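In what follows, a single structure is set out as structure tokens and then discussed.
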Amino acid sequence: MKRYNGILRNPPEADTRVRRPLEARLPARIACAVALLTPMTAFPATETELAELRTMIDQMKSQYERRIQDLESRLAKAERDAAKAATRSEEAADRAEKAAEVAATESRPMTAPVVTPTASPESGKTVLGALGSGNAFNPQISVFLDGNYYHDGIDGEGATLVGLAYQPSGGESHSHEEDDGDEGHAGHMHGLTENGFNFREAEIAFSATVDPYFDASLFLAIDGDGTVELEEGYFQTRSLPAGLRVKGGKFLSDFGYINRQHPHQWDFVDQNLAYLNLLGPHGLQDTGLQLTWLPKLPFYTLLGVEGLQGNQEIFGATLGDDDQAALELGDTDDGPRLWTAFAKVSPEIGVNHALQLGLSYANNNQHQEAREHSLEQDGDHEDTHDEDHATEIHRDGLAGDAQLWGVDLVYKYDGGGAYGHKSFKLQSEYLRSIKDMKTTSSAHPEVLGTRRTFTTDGLYAQAIYGFAPKWTAGLRYDVLGMTNEVSGGENASFGSSDRWTFDVTWNLSEFSRLRAQYAHNDILVAPGERERFDAFYLQFLVSMGSHGAHAF
């Protein structure tokens, strides 16, 4: 009995991970215990002794089973605790990563623009990775609302007048069927502005990763009258080798710097004089292909070329079929007619500083214009008055090509303050337009076939400073016509148009912005005729939905 009781008090060591060996040895141990407890005499056991033995065996089996169950429970609890600890560790790592991203966003050293190489579709895991950003089945959608209150001292005509500053090549030219001969390109402004309240546009943007090979974007603009216009709709490759990328569709050209920006990205309510008058309210916006190359260099360098159809508002515009026939201009050539090339370089200039320099060139091999001039003829009697004078309107047709050069500079400084406080941005561009054309028709036979060269340039320079968290102040000077001349069969030089603009912007959040802007304008509207006026804007910008970060 002592040995048996000893077994009960000191059971063998159990294995917490394996139950089956214990169960296999249990019958053998019970048999040994029974053998040891059996009397060494030949007399049979009494019923009382048998009952006692059965009770002890049952107790021992029950205790072993409880012990095994206890060990299994402890094992399961240990496994659960280990899983929870691993989960907490992953969550802590995620929180730390997000906190680091937020801290980097609020105070980030300025660096040159970086283009992240896209994943190769042959890497196996990149297919799911490319579609795992929430856009696998639905595109990223955002909406921008742009409205303002406007007032000037010339009955609300100022907002249109700044886009019609005089230049010698500013005759009739229309690339869109809906253009009207009296309005020129003013009908294509981003929402015509008048004194009072105006809703310039609602812009709807869609973007998505289509597959491992392409991204796609679509931008629609709806003006205050409900007119819908396609601003951009293009695809872009993701996985070409050697830093190459192809874009195709309708898009804003990468000529210059501000050309590719939508109105909600501007630092001022309106576009500068050079872009408005040399390229039109939409800038260089056309249908075609773009090829860019990002070479592996110690500093950011982007080189690109574009082949575009050539349907432009001002630069390389063509007339309608009726005017082409009447003025003997010939038919519109097949595209592509507009070619561009650009280079952008961002050298490293130290922490908290960033600089980008750009050089651009564009050539449109077909440009057409109709120039009107009046001729007064005296009546038959010298003592007659104005009613005896007749005025004849003559139209000359001109056809040729157009070239455009551009130089841009952008400097940014990160002041380290919260929400842009103490940050500074300087931005400037110079454009020079040269149109070489031949007179195809005229009421004066002596000028037929003569050539005219029209040269007009423009420049803007603007600075933005964050004088408080979420608050910025901006100052801009823009001028058109430092060179504003025509040479060839006739030689003439005209003056320039310029203006000073000051604004204050309150960036309430990433999704809303309020801006007040004042401008003093001195616009040349005709040779020897100027319009000087002040203009005031109050603008609101609101965005809905998520949208990607803007380019440098």
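Identifiers in the structure tokens: chain A, B, ... in order shown; residue index from 1 per chain; ligand index from 1 in order shown.
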Long-range neighbours of region 478-489 of chain A as an NGL selection string, 6 Å cut-off, only C-alpha atoms, 6 positions minimum in chain: :A and (274 or 451-460 or 496-499)
Those residues you just picked out, can you put them in a file as a CSV table (one decimal), in the first residue's frame with C-alpha atoms?
```csv
chain,number,residue,atom,x,y,z
A,274,ALA,CA,1.9,85.5,-70.4
A,451,ARG,CA,6.2,87.5,-94.9
A,452,ARG,CA,5.5,88.8,-91.4
A,453,THR,CA,7.3,87.8,-88.2
A,454,PHE,CA,5.3,88.5,-85.0
A,455,THR,CA,7.3,88.4,-81.8
A,456,THR,CA,5.7,88.7,-78.3
A,457,ASP,CA,7.1,87.7,-75.0
A,458,GLY,CA,5.9,87.5,-71.4
A,459,LEU,CA,7.1,87.0,-67.9
A,460,TYR,CA,5.7,86.4,-64.4
A,496,SER,CA,3.4,96.2,-72.9
A,497,SER,CA,0.6,95.2,-70.5
A,498,ASP,CA,1.4,94.5,-66.8
A,499,ARG,CA,-0.1,94.1,-63.4
```
Quick one: which region 216-320 of chain A residues come within 12 Å of region 145-158 of chain A, and what is the nearest atom pair for each with the distance in Å to one decimal, counting only C-alpha atoms, rows ordered by chain and ascending number, as a tab-separated table?
```
residue	atom	partner	partner_atom	distance
A:Ala221	CA	A:Leu145	CA	10.0
A:Ile222	CA	A:Leu145	CA	9.7
A:Asp223	CA	A:Asp146	CA	9.5
A:Gly224	CA	A:Gly147	CA	9.1
A:His262	CA	A:Asp146	CA	11.2
A:Pro263	CA	A:Asp146	CA	8.5
A:His264	CA	A:Asp146	CA	7.2
A:Gln265	CA	A:Asp146	CA	10.9
A:Trp266	CA	A:Asp146	CA	11.6
A:Val269	CA	A:Asn148	CA	8.8
A:Asp270	CA	A:Asn148	CA	11.0
```
Of A:Thr340, A:Gln462, A:Gln427, A:Asn198, the one nearest to Thr292 (chain A) when counting only C-alpha atoms is A:Thr340
As a ChimeraX atom specification, list the residues of region 296-457 of chain A assigned to alpha helix (DSSP H) by DSSP on the backbone atoms of this structure. /A:321-326
How would the residues just picked look written out with N, CA and C atoms as a compact mmCIF listing (two decimals), in the first residue's frame?
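This went into out31.txt:
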```txt
# COMPACT_ATOMS: atom_id res chain seq x y z
N ASP A 321 -13.58 76.19 -91.89
CA ASP A 321 -13.54 75.85 -93.32
C ASP A 321 -13.91 77.04 -94.20
N ASP A 322 -14.94 77.80 -93.83
CA ASP A 322 -15.37 78.93 -94.65
C ASP A 322 -14.28 79.99 -94.75
N ASP A 323 -13.67 80.34 -93.62
CA ASP A 323 -12.61 81.34 -93.64
C ASP A 323 -11.38 80.83 -94.39
N GLN A 324 -11.08 79.56 -94.25
CA GLN A 324 -9.93 79.01 -94.98
C GLN A 324 -10.11 79.14 -96.48
N ALA A 325 -11.33 78.90 -96.94
CA ALA A 325 -11.60 79.02 -98.37
C ALA A 325 -11.60 80.47 -98.82
N ALA A 326 -12.24 81.37 -98.03
CA ALA A 326 -12.34 82.77 -98.43
C ALA A 326 -10.99 83.46 -98.43
```
